[in-house]
file model-v2.pdb (PDB, C-alpha atoms)
ATOM      1  CA  ALA W   1       0.000   0.000   0.000
ATOM      2  CA  GLU W   2       1.158   3.531  -0.695
ATOM      3  CA  ALA W   3       2.341   5.411   2.348
ATOM      4  CA  GLU W   4       0.707   8.658   3.334
ATOM      5  CA  PHE W   5       2.938  11.423   4.657
ATOM      6  CA  GLN W   6       3.156  15.178   5.036
ATOM      7  CA  ILE W   7       5.663  17.752   3.849
ATOM      8  CA  SER W   8       6.102  21.377   4.800
ATOM      9  CA  CYS W   9       6.214  24.144   2.189
ATOM     10  CA  GLU W  10       7.023  27.619   3.502
ATOM     11  CA  GLY W  11       5.135  26.819   6.691
ATOM     12  CA  LEU W  12       2.244  25.255   4.758
ATOM     13  CA  ILE W  13       1.288  21.622   5.281
ATOM     14  CA  ILE W  14       0.552  19.784   2.048
ATOM     15  CA  LEU W  15      -0.759  16.233   1.894
ATOM     16  CA  SER W  16       0.897  13.850  -0.522
ATOM     17  CA  PHE W  17       0.473  10.177  -1.338
ATOM     18  CA  GLY W  18       3.238   7.781  -2.374
ATOM     19  CA  GLN W  19       5.806   9.221  -4.784
ATOM     20  CA  CYS W  20       3.358  11.308  -6.836
ATOM     21  CA  TYR W  21       2.577  14.614  -5.201
ATOM     22  CA  LYS W  22      -1.072  15.634  -5.293
ATOM     23  CA  LEU W  23      -0.224  19.337  -4.977
ATOM     24  CA  CYS W  24       2.436  21.697  -6.266
ATOM     25  CA  CYS W  25       3.464  24.684  -4.209
ATOM     26  CA  VAL W  26       4.215  27.911  -6.089
ATOM     27  CA  ILE W  27       6.337  30.048  -3.770
ATOM     28  CA  ALA W  28       7.197  33.133  -5.839
ATOM     29  CA  TYR W  29       4.232  34.912  -4.290
ATOM     30  CA  PHE W  30       4.803  37.102  -1.244
ATOM     31  CA  ASP W  31       2.473  38.455   1.430
ATOM     32  CA  THR W  32       0.818  41.651   0.194
ATOM     33  CA  GLY W  33      -1.683  41.897   3.036
ATOM     34  CA  PRO W  34      -4.751  44.012   2.188
ATOM     35  CA  PHE W  35      -3.077  45.122  -1.073
ATOM     36  CA  LYS W  36      -3.914  41.736  -2.594
ATOM     37  CA  TYR W  37      -7.437  43.002  -3.305
ATOM     38  CA  ILE W  38      -5.988  45.974  -5.188
ATOM     39  CA  TYR W  39      -3.738  43.649  -7.230
ATOM     40  CA  PHE W  40      -6.702  41.363  -7.840
ATOM     41  CA  THR W  41      -8.821  44.276  -9.110
ATOM     42  CA  ILE W  42      -6.043  45.609 -11.364
ATOM     43  CA  LEU W  43      -5.371  42.187 -12.924
ATOM     44  CA  THR W  44      -9.091  41.505 -13.332
ATOM     45  CA  LEU W  45      -9.513  44.780 -15.215
ATOM     46  CA  LEU W  46      -6.435  43.941 -17.306
ATOM     47  CA  TYR W  47      -7.899  40.530 -18.182
ATOM     48  CA  ILE W  48     -11.240  42.102 -19.133
ATOM     49  CA  LEU W  49      -9.440  44.712 -21.272
ATOM     50  CA  ILE W  50      -7.419  42.009 -23.046
ATOM     51  CA  ASN W  51     -10.570  40.011 -23.792
ATOM     52  CA  CYS W  52     -12.510  43.036 -25.035
ATOM     53  CA  ALA W  53      -9.676  44.300 -27.276
ATOM     54  CA  ASN W  54      -9.031  40.922 -28.907
ATOM     55  CA  VAL W  55     -12.686  39.909 -29.261
ATOM     56  CA  LEU W  56     -13.498  43.280 -30.838
ATOM     57  CA  LEU W  57     -10.862  42.865 -33.556
ATOM     58  CA  ILE W  58     -11.820  39.221 -34.157
ATOM     59  CA  VAL W  59     -15.453  40.308 -34.674
ATOM     60  CA  ILE W  60     -14.395  43.175 -36.974
ATOM     61  CA  ILE W  61     -12.321  40.842 -39.153
ATOM     62  CA  CYS W  62     -14.947  38.084 -39.257
ATOM     63  CA  MET W  63     -17.913  40.368 -39.948
ATOM     64  CA  ASN W  64     -16.356  42.414 -42.753
ATOM     65  CA  ARG W  65     -15.811  40.621 -46.055
ATOM     66  CA  GLY W  66     -13.327  43.317 -47.117
ATOM     67  CA  LEU W  67     -10.981  41.991 -44.412
ATOM     68  CA  HIS W  68     -11.178  38.370 -45.536
ATOM     69  CA  GLU W  69      -7.645  38.578 -46.912
ATOM     70  CA  PRO W  70      -4.689  36.384 -45.866
ATOM     71  CA  MET W  71      -3.019  39.101 -43.781
ATOM     72  CA  TYR W  72      -6.168  39.773 -41.732
ATOM     73  CA  LEU W  73      -7.020  36.085 -41.361
ATOM     74  CA  PHE W  74      -3.551  35.475 -39.921
ATOM     75  CA  LEU W  75      -4.152  38.444 -37.622
ATOM     76  CA  CYS W  76      -7.437  36.895 -36.520
ATOM     77  CA  SER W  77      -5.561  33.685 -35.667
ATOM     78  CA  LEU W  78      -3.070  35.767 -33.665
ATOM     79  CA  PHE W  79      -5.852  37.470 -31.671
ATOM     80  CA  VAL W  80      -7.530  34.128 -30.919
ATOM     81  CA  ASN W  81      -4.198  32.890 -29.586
ATOM     82  CA  GLU W  82      -3.905  35.978 -27.364
ATOM     83  CA  LEU W  83      -7.260  35.089 -25.811
ATOM     84  CA  TYR W  84      -6.119  31.495 -25.352
ATOM     85  CA  GLY W  85      -2.795  32.437 -23.736
ATOM     86  CA  SER W  86      -4.238  35.002 -21.333
ATOM     87  CA  THR W  87      -6.986  32.549 -20.297
ATOM     88  CA  GLY W  88      -4.286  29.995 -19.517
ATOM     89  CA  LEU W  89      -2.761  32.441 -17.024
ATOM     90  CA  PHE W  90      -5.209  34.939 -15.529
ATOM     91  CA  PRO W  91      -7.865  32.721 -13.834
ATOM     92  CA  PHE W  92      -5.076  30.762 -12.107
ATOM     93  CA  LEU W  93      -3.181  33.944 -11.204
ATOM     94  CA  LEU W  94      -6.253  35.689  -9.793
ATOM     95  CA  LEU W  95      -7.115  32.659  -7.680
ATOM     96  CA  GLN W  96      -3.571  32.506  -6.277
ATOM     97  CA  ILE W  97      -3.569  36.223  -5.391
ATOM     98  CA  LEU W  98      -6.659  35.800  -3.205
ATOM     99  CA  SER W  99      -5.421  32.551  -1.677
ATOM    100  CA  ASP W 100      -3.334  32.393   1.495
ATOM    101  CA  ILE W 101      -1.971  28.969   0.553
ATOM    102  CA  HIS W 102      -0.347  29.020  -2.876
ATOM    103  CA  THR W 103      -0.840  25.446  -3.968
ATOM    104  CA  VAL W 104      -2.259  23.932  -7.130
ATOM    105  CA  PRO W 105      -3.337  20.346  -7.919
ATOM    106  CA  VAL W 106      -0.850  18.574 -10.188
ATOM    107  CA  PRO W 107      -3.369  18.027 -13.062
ATOM    108  CA  PHE W 108      -4.160  21.750 -13.124
ATOM    109  CA  CYS W 109      -0.457  22.556 -13.035
ATOM    110  CA  PHE W 110       0.144  20.399 -16.110
ATOM    111  CA  LEU W 111      -2.917  21.885 -17.800
ATOM    112  CA  GLN W 112      -1.408  25.331 -17.346
ATOM    113  CA  ILE W 113       1.946  24.095 -18.674
ATOM    114  CA  TYR W 114       0.149  22.820 -21.758
ATOM    115  CA  CYS W 115      -1.686  26.124 -22.291
ATOM    116  CA  VAL W 116       1.390  28.326 -21.788
ATOM    117  CA  HIS W 117       3.710  26.283 -24.003
ATOM    118  CA  SER W 118       1.167  25.824 -26.792
ATOM    119  CA  TYR W 119       0.391  29.566 -26.662
ATOM    120  CA  VAL W 120       4.061  30.470 -27.166
ATOM    121  CA  SER W 121       4.436  27.875 -29.928
ATOM    122  CA  VAL W 122       1.391  29.121 -31.855
ATOM    123  CA  GLN W 123       2.603  32.702 -31.371
ATOM    124  CA  PHE W 124       5.985  32.150 -33.025
ATOM    125  CA  LEU W 125       4.576  30.025 -35.854
ATOM    126  CA  ASN W 126       1.844  32.580 -36.494
ATOM    127  CA  LEU W 127       4.386  35.415 -36.643
ATOM    128  CA  ALA W 128       6.529  33.338 -39.033
ATOM    129  CA  ILE W 129       3.567  32.761 -41.366
ATOM    130  CA  MET W 130       2.702  36.459 -41.221
ATOM    131  CA  SER W 131       6.266  37.409 -42.189
ATOM    132  CA  TYR W 132       6.113  34.963 -45.130
ATOM    133  CA  ASP W 133       2.812  36.533 -46.205
ATOM    134  CA  ARG W 134       4.371  40.030 -46.141
ATOM    135  CA  TYR W 135       7.382  38.702 -48.051
ATOM    136  CA  LEU W 136       5.141  37.448 -50.869
ATOM    137  CA  ALA W 137       3.018  40.617 -50.898
ATOM    138  CA  ILE W 138       6.040  42.953 -51.121
ATOM    139  CA  CYS W 139       8.544  40.914 -53.124
ATOM    140  CA  TYR W 140       6.083  39.157 -55.481
ATOM    141  CA  PRO W 141       3.001  41.426 -55.667
ATOM    142  CA  LEU W 142       1.910  40.189 -59.118
ATOM    143  CA  GLN W 143       2.109  36.523 -58.068
ATOM    144  CA  TYR W 144       0.710  37.023 -54.569
ATOM    145  CA  ASN W 145      -2.848  35.843 -55.269
ATOM    146  CA  THR W 146      -1.643  32.653 -56.961
ATOM    147  CA  ARG W 147       0.932  31.856 -54.262
ATOM    148  CA  MET W 148      -1.260  32.712 -51.266
ATOM    149  CA  THR W 149      -4.560  31.032 -52.129
ATOM    150  CA  SER W 150      -7.439  30.496 -49.703
ATOM    151  CA  LYS W 151      -6.529  26.791 -49.426
ATOM    152  CA  LYS W 152      -2.952  27.662 -48.500
ATOM    153  CA  VAL W 153      -4.165  30.188 -45.928
ATOM    154  CA  ALA W 154      -6.402  27.534 -44.335
ATOM    155  CA  MET W 155      -3.553  25.002 -44.389
ATOM    156  CA  PHE W 156      -1.124  27.479 -42.755
ATOM    157  CA  ILE W 157      -3.600  28.302 -39.983
ATOM    158  CA  VAL W 158      -4.370  24.623 -39.306
ATOM    159  CA  VAL W 159      -0.656  23.717 -39.147
ATOM    160  CA  THR W 160       0.049  26.767 -36.959
ATOM    161  CA  TRP W 161      -2.386  25.424 -34.353
ATOM    162  CA  LEU W 162      -2.348  21.650 -34.811
ATOM    163  CA  PHE W 163       1.420  21.048 -34.802
ATOM    164  CA  PRO W 164       2.124  22.915 -31.515
ATOM    165  CA  PHE W 165      -0.826  21.255 -29.790
ATOM    166  CA  LEU W 166       0.505  17.800 -30.691
ATOM    167  CA  ALA W 167       4.133  18.700 -29.911
ATOM    168  CA  VAL W 168       3.221  20.040 -26.466
ATOM    169  CA  VAL W 169       1.216  16.870 -25.705
ATOM    170  CA  VAL W 170       4.454  14.899 -26.020
ATOM    171  CA  LEU W 171       6.349  17.502 -23.960
ATOM    172  CA  VAL W 172       3.838  17.382 -21.113
ATOM    173  CA  SER W 173       3.517  13.583 -21.264
ATOM    174  CA  LEU W 174       7.272  13.161 -20.801
ATOM    175  CA  SER W 175       7.238  15.459 -17.765
ATOM    176  CA  PHE W 176       4.107  13.869 -16.307
ATOM    177  CA  SER W 177       5.797  10.452 -16.281
ATOM    178  CA  LEU W 178       8.798  11.695 -14.267
ATOM    179  CA  GLN W 179       9.318  10.639 -10.670
ATOM    180  CA  LEU W 180       9.347  13.842  -8.627
ATOM    181  CA  CYS W 181      11.302  14.365  -5.418
ATOM    182  CA  GLY W 182       9.675  17.663  -4.525
ATOM    183  CA  ASN W 183       6.734  19.899  -5.258
ATOM    184  CA  ILE W 184       8.019  23.442  -4.683
ATOM    185  CA  ILE W 185       7.997  25.670  -7.796
ATOM    186  CA  ASP W 186       9.756  29.024  -7.412
ATOM    187  CA  LYS W 187       7.403  30.798  -9.824
ATOM    188  CA  VAL W 188       3.939  32.350  -9.894
ATOM    189  CA  PHE W 189       2.688  29.856 -12.488
ATOM    190  CA  CYS W 190       3.596  26.363 -13.708
ATOM    191  CA  MET W 191       6.231  25.861 -16.417
ATOM    192  CA  ASN W 192       7.580  22.621 -17.845
ATOM    193  CA  TYR W 193      11.232  23.131 -16.902
ATOM    194  CA  SER W 194      10.203  23.871 -13.295
ATOM    195  CA  ILE W 195       8.726  20.360 -13.135
ATOM    196  CA  VAL W 196      11.746  18.773 -14.832
ATOM    197  CA  LYS W 197      14.053  20.336 -12.211
ATOM    198  CA  LEU W 198      12.048  18.579  -9.475
ATOM    199  CA  ALA W 199      12.650  15.139 -10.999
ATOM    200  CA  CYS W 200      14.879  12.577  -9.293
ATOM    201  CA  SER W 201      14.646  10.190 -12.271
ATOM    202  CA  ASP W 202      16.579  10.423 -15.530
ATOM    203  CA  THR W 203      15.554  13.466 -17.587
ATOM    204  CA  SER W 204      17.749  12.867 -20.667
ATOM    205  CA  VAL W 205      14.769  12.191 -22.932
ATOM    206  CA  ASN W 206      13.027  15.340 -21.649
ATOM    207  CA  ASN W 207      16.119  17.457 -22.300
ATOM    208  CA  ILE W 208      16.653  16.080 -25.817
ATOM    209  CA  TYR W 209      13.009  16.502 -26.773
ATOM    210  CA  GLY W 210      12.956  19.964 -25.196
ATOM    211  CA  LEU W 211      15.937  20.988 -27.323
ATOM    212  CA  ILE W 212      14.339  19.633 -30.520
ATOM    213  CA  TYR W 213      11.047  21.291 -29.600
ATOM    214  CA  THR W 214      12.765  24.666 -29.036
ATOM    215  CA  VAL W 215      14.605  24.480 -32.366
ATOM    216  CA  ILE W 216      11.453  23.618 -34.339
ATOM    217  CA  ILE W 217       9.055  25.962 -32.545
ATOM    218  CA  ILE W 218      11.273  29.012 -31.902
ATOM    219  CA  ILE W 219      14.628  28.899 -33.708
ATOM    220  CA  ILE W 220      13.372  27.848 -37.166
ATOM    221  CA  PRO W 221      10.500  30.397 -37.196
ATOM    222  CA  LEU W 222      12.961  33.136 -36.160
ATOM    223  CA  ILE W 223      15.330  32.134 -38.978
ATOM    224  CA  LEU W 224      12.429  32.231 -41.448
ATOM    225  CA  ILE W 225      11.401  35.675 -40.191
ATOM    226  CA  LEU W 226      14.981  36.950 -40.475
ATOM    227  CA  TYR W 227      15.270  35.610 -44.032
ATOM    228  CA  THR W 228      11.979  37.163 -45.171
ATOM    229  CA  TYR W 229      12.878  40.557 -43.708
ATOM    230  CA  MET W 230      16.270  40.530 -45.379
ATOM    231  CA  LYS W 231      14.466  39.986 -48.705
ATOM    232  CA  ILE W 232      11.914  42.684 -47.884
ATOM    233  CA  LEU W 233      14.658  45.198 -47.003
ATOM    234  CA  LYS W 234      16.469  44.403 -50.237
ATOM    235  CA  VAL W 235      13.318  45.140 -52.257
ATOM    236  CA  CYS W 236      12.616  48.310 -50.242
ATOM    237  CA  PHE W 237      16.063  49.795 -50.864
ATOM    238  CA  SER W 238      15.856  49.074 -54.584
ATOM    239  CA  GLY W 239      12.135  49.840 -55.007
ATOM    240  CA  SER W 240       9.951  52.902 -55.189
ATOM    241  CA  LYS W 241       8.834  55.165 -52.353
ATOM    242  CA  GLN W 242       5.368  53.567 -52.490
ATOM    243  CA  THR W 243       6.883  50.113 -51.970
ATOM    244  CA  ARG W 244       8.819  51.356 -48.945
ATOM    245  CA  GLN W 245       5.703  52.947 -47.453
ATOM    246  CA  LYS W 246       3.723  49.732 -47.903
ATOM    247  CA  ALA W 247       6.487  47.718 -46.256
ATOM    248  CA  VAL W 248       6.743  50.084 -43.296
ATOM    249  CA  SER W 249       2.973  50.260 -42.716
ATOM    250  CA  THR W 250       2.461  46.491 -42.758
ATOM    251  CA  CYS W 251       5.758  45.266 -41.285
ATOM    252  CA  THR W 252       6.211  47.666 -38.355
ATOM    253  CA  PRO W 253       3.425  46.172 -36.177
ATOM    254  CA  HIS W 254       4.720  42.689 -36.955
ATOM    255  CA  LEU W 255       8.292  43.567 -35.952
ATOM    256  CA  VAL W 256       7.176  45.265 -32.738
ATOM    257  CA  SER W 257       5.013  42.238 -31.896
ATOM    258  CA  LEU W 258       7.913  39.864 -32.579
ATOM    259  CA  ILE W 259      10.376  41.860 -30.457
ATOM    260  CA  ASN W 260       7.812  42.108 -27.668
ATOM    261  CA  VAL W 261       7.118  38.384 -27.352
ATOM    262  CA  SER W 262      10.776  37.420 -27.986
ATOM    263  CA  PHE W 263      11.931  39.640 -25.113
ATOM    264  CA  GLY W 264       9.455  38.075 -22.713
ATOM    265  CA  VAL W 265      10.217  34.479 -23.747
ATOM    266  CA  CYS W 266      13.982  35.140 -23.688
ATOM    267  CA  PHE W 267      13.846  36.392 -20.099
ATOM    268  CA  GLU W 268      11.681  33.447 -19.052
ATOM    269  CA  VAL W 269      14.172  30.975 -20.552
ATOM    270  CA  LEU W 270      17.111  32.735 -18.856
ATOM    271  CA  GLN W 271      15.279  32.839 -15.529
ATOM    272  CA  SER W 272      14.535  29.111 -15.721
ATOM    273  CA  ARG W 273      18.148  28.180 -16.482
ATOM    274  CA  PHE W 274      20.144  30.619 -14.361
ATOM    275  CA  ASN W 275      20.123  31.950 -10.812
ATOM    276  CA  MET W 276      18.188  35.238 -10.742
ATOM    277  CA  ASN W 277      18.293  35.852  -6.996
ATOM    278  CA  SER W 278      20.195  39.104  -7.567
ATOM    279  CA  VAL W 279      17.166  40.473  -9.477
ATOM    280  CA  PRO W 280      14.503  42.066  -7.217
ATOM    281  CA  ASN W 281      11.568  39.734  -6.630
ATOM    282  CA  MET W 282       8.929  42.154  -7.975
ATOM    283  CA  LEU W 283      10.939  42.707 -11.164
ATOM    284  CA  ARG W 284      11.370  38.953 -11.643
ATOM    285  CA  ILE W 285       7.624  38.383 -11.291
ATOM    286  CA  PHE W 286       6.822  41.236 -13.683
ATOM    287  CA  LEU W 287       9.260  40.024 -16.364
ATOM    288  CA  SER W 288       8.161  36.419 -15.864
ATOM    289  CA  LEU W 289       4.565  37.404 -16.616
ATOM    290  CA  TYR W 290       5.539  39.796 -19.421
ATOM    291  CA  PHE W 291       5.200  37.377 -22.362
ATOM    292  CA  LEU W 292       1.744  36.289 -21.158
ATOM    293  CA  THR W 293       0.346  39.760 -20.432
ATOM    294  CA  SER W 294       2.021  42.278 -22.745
ATOM    295  CA  PRO W 295       1.412  40.722 -26.232
ATOM    296  CA  PRO W 296      -2.288  39.933 -25.559
ATOM    297  CA  LEU W 297      -2.828  43.560 -24.550
ATOM    298  CA  PHE W 298      -0.623  45.482 -26.977
ATOM    299  CA  ASN W 299      -1.009  43.395 -30.152
ATOM    300  CA  PRO W 300      -4.690  44.258 -30.746
ATOM    301  CA  VAL W 301      -4.014  47.911 -29.881
ATOM    302  CA  LEU W 302      -0.937  48.000 -32.124
ATOM    303  CA  TYR W 303      -2.574  46.356 -35.128
ATOM    304  CA  GLY W 304      -5.852  48.183 -34.578
ATOM    305  CA  LEU W 305      -4.137  51.571 -34.723
ATOM    306  CA  LYS W 306      -1.584  50.780 -37.417
ATOM    307  CA  MET W 307      -3.675  48.833 -39.947
ATOM    308  CA  SER W 308      -5.700  51.474 -41.781
ATOM    309  CA  LYS W 309      -8.550  49.154 -42.877
ATOM    310  CA  ILE W 310      -9.147  47.920 -39.338
ATOM    311  CA  ARG W 311      -8.841  51.427 -37.906
ATOM    312  CA  LYS W 312     -11.418  52.872 -40.331
ATOM    313  CA  ILE W 313     -13.954  50.128 -39.618
ATOM    314  CA  TYR W 314     -13.381  50.464 -35.870
ATOM    315  CA  VAL W 315     -13.917  54.237 -35.986
ATOM    316  CA  ARG W 316     -17.102  53.724 -38.026
ATOM    317  CA  TYR W 317     -18.483  51.263 -35.504
ATOM    318  CA  VAL W 318     -17.590  53.354 -32.462
ATOM    319  CA  LEU W 319     -18.759  56.693 -33.861
TER     320      LEU W 319
END
call {"tool": "encode", "arguments": {"input": "model-v2.pdb", "output": "structure tokens"}}
result
Amino acid sequence: AEAEFQISCEGLIILSFGQCYKLCCVIAYFDTGPFKYIYFTILTLLYILINCANVLLIVIICMNRGLHEPMYLFLCSLFVNELYGSTGLFPFLLLQILSDIHTVPVPFCFLQIYCVHSYVSVQFLNLAIMSYDRYLAICYPLQYNTRMTSKKVAMFIVVTWLFPFLAVVVLVSLSFSLQLCGNIIDKVFCMNYSIVKLACSDTSVNNIYGLIYTVIIIIIPLILILYTYMKILKVCFSGSKQTRQKAVSTCTPHLVSLINVSFGVCFEVLQSRFNMNSVPNMLRIFLSLYFLTSPPLFNPVLYGLKMSKIRKIYVRYVL
């Protein structure tokens, strides 16, 4: 029979059974006293704002046939992913802020890992497809409609979502099968590498798959984006003023979005691999949450203001 025992986590008593912990303890939170209700209100309003901004642009794109073009359909996919990613974080985060005991059941922890990792994967693949779309539109304008057909757009969107969802299933399954020797996660939400670091069994397969996953999901899309922008810049320098204006108007939001999410993911990777105790705790928490809060908020605002077609329709609806 499996033995029942207790462990202490920052003064909290957590029940566990056998070798598989029933609860994970997330300890990056700190006592904010009565201010926790202020933080809860601010984050709730932020979550509502993110949902409203993204849903509004999704509705605008879906309801207007003039926006049923590849660029706007890829944007719609991006906004849906922003809703998905923020939903994978905020309900959990809000619950933890109000709670005095920062624990989470293991299944919910792995569910959040799945949501966060698949969100990041879809984000990078979506941005890569968008850069390829801009590359065709600017470098091959006369062949654009034949190269970017409706079937290809549908295929790109399906692959952008289906491949990460399947890849992350394998990632989470490998971590779920590990034998854990602890349950304390020094973060405000669950991440895959935080679970791997708790393992007392061999993690070679996890590390190899994690490396392959990172190369396919992040490195290759970044290389594709770099290649397409080098081609776009080459055409801009040798093309007309109108070509340069078109490139700037359509590529600037994409570049800002890419830099934004890359910064957040880069810090999260560095924080997971290296000791960040010298960084103030509040700053670490803020930067850790950056890639899950900043893109979902700023992407719809950025694209809504910068893309003239969307902006005109939005103004018409509001006024």
call {"tool": "residues_around", "arguments": {"input": "model-v2.pdb", "residues": "Val169 of chain W", "least_positions_apart": "4", "cutoff": "12 Å", "atoms": "only C-alpha atoms", "output": "list in words"}}
result
Phe110, Leu111, Ile113, Tyr114, Cys115, His117, Ser118, Leu162, Phe163, Pro164, Phe165, Ser173, Leu174, Ser175, Phe176, Asn192, Tyr209 and Tyr213 of chain W
call {"tool": "atom_distance", "arguments": {"input": "model-v2.pdb", "atom1": "atom CA of Phe263 of chain W", "atom2": "atom CA of Tyr290 of chain W"}}
result
8.6 Å
call {"tool": "residues_around", "arguments": {"input": "model-v2.pdb", "residues": "Leu258 of chain W", "least_positions_apart": "2", "cutoff": "12 Å", "atoms": "only C-alpha atoms", "output": "PyMOL selection string"}}
result
chain W and resi 78+120+123-128+130-131+218+221-222+225-226+251-256+260-266+291+294-295+298-299
call {"tool": "atom_distance", "arguments": {"input": "model-v2.pdb", "atom1": "atom CA of Gln242 of chain W", "atom2": "atom CA of Pro70 of chain W"}}
result
21.0 Å
call {"tool": "atom_distance", "arguments": {"input": "model-v2.pdb", "atom1": "atom CA of Lys197 of chain W", "atom2": "atom CA of Ser121 of chain W"}}
result
21.5 Å
call {"tool": "residues_around", "arguments": {"input": "model-v2.pdb", "residues": "Gly66 of chain W", "least_positions_apart": "5", "cutoff": "12 Å", "atoms": "only C-alpha atoms", "output": "ChimeraX atom specification"}}
result
/W:60-61,71-73,309-310,312-313
call {"tool": "residues_around", "arguments": {"input": "model-v2.pdb", "residues": "Ser272 of chain W", "least_positions_apart": "3", "cutoff": "12 Å", "atoms": "all atoms listed in the file", "output": "list in words"}}
result
Ile185, Asp186, Lys187, Cys190, Met191, Asn192, Tyr193, Ser194, Ile195, Val196, Lys197, Val265, Cys266, Phe267, Glu268, Val269, Asn275, Met276, Asn277, Arg284 and Ser288 of chain W
call {"tool": "residues_around", "arguments": {"input": "model-v2.pdb", "residues": "Gly304 of chain W", "least_positions_apart": "5", "cutoff": "8 Å", "atoms": "only C-alpha atoms", "output": "ChimeraX atom specification"}}
result
/W:57,310-311,314
call {"tool": "write_last_selection", "arguments": {"input": "model-v2.pdb", "atoms": "C-alpha atoms", "output": "CSV table (one decimal), in the frame of the given file"}}
result
chain,number,residue,atom,x,y,z
W,57,LEU,CA,-10.9,42.9,-33.6
W,310,ILE,CA,-9.1,47.9,-39.3
W,311,ARG,CA,-8.8,51.4,-37.9
W,314,TYR,CA,-13.4,50.5,-35.9
call {"tool": "resolve_selection", "arguments": {"input": "model-v2.pdb", "expression": "the PyMOL selection byres ((chain W and resi 142-149) around 12)", "output": "PyMOL selection string"}}
result
chain W and resi 68-71+73-74+129-130+132-141+150-156
call {"tool": "closest_residue", "arguments": {"input": "model-v2.pdb", "among": "W:Ile48, W:Ile285, W:Ala199, W:Leu89", "to": "Gly182 of chain W", "atoms": "all atoms listed in the file"}}
result
W:Ala199
call {"tool": "residues_near_point", "arguments": {"input": "model-v2.pdb", "point": "(-0.8, 33.5, -10.1)", "cutoff": "9 Å", "atoms": "only C-alpha atoms", "output": "list in words"}}
result
Val26, Tyr29, Leu89, Phe90, Pro91, Phe92, Leu93, Leu94, Leu95, Gln96, Ile97, His102, Lys187, Val188 and Phe189 of chain W
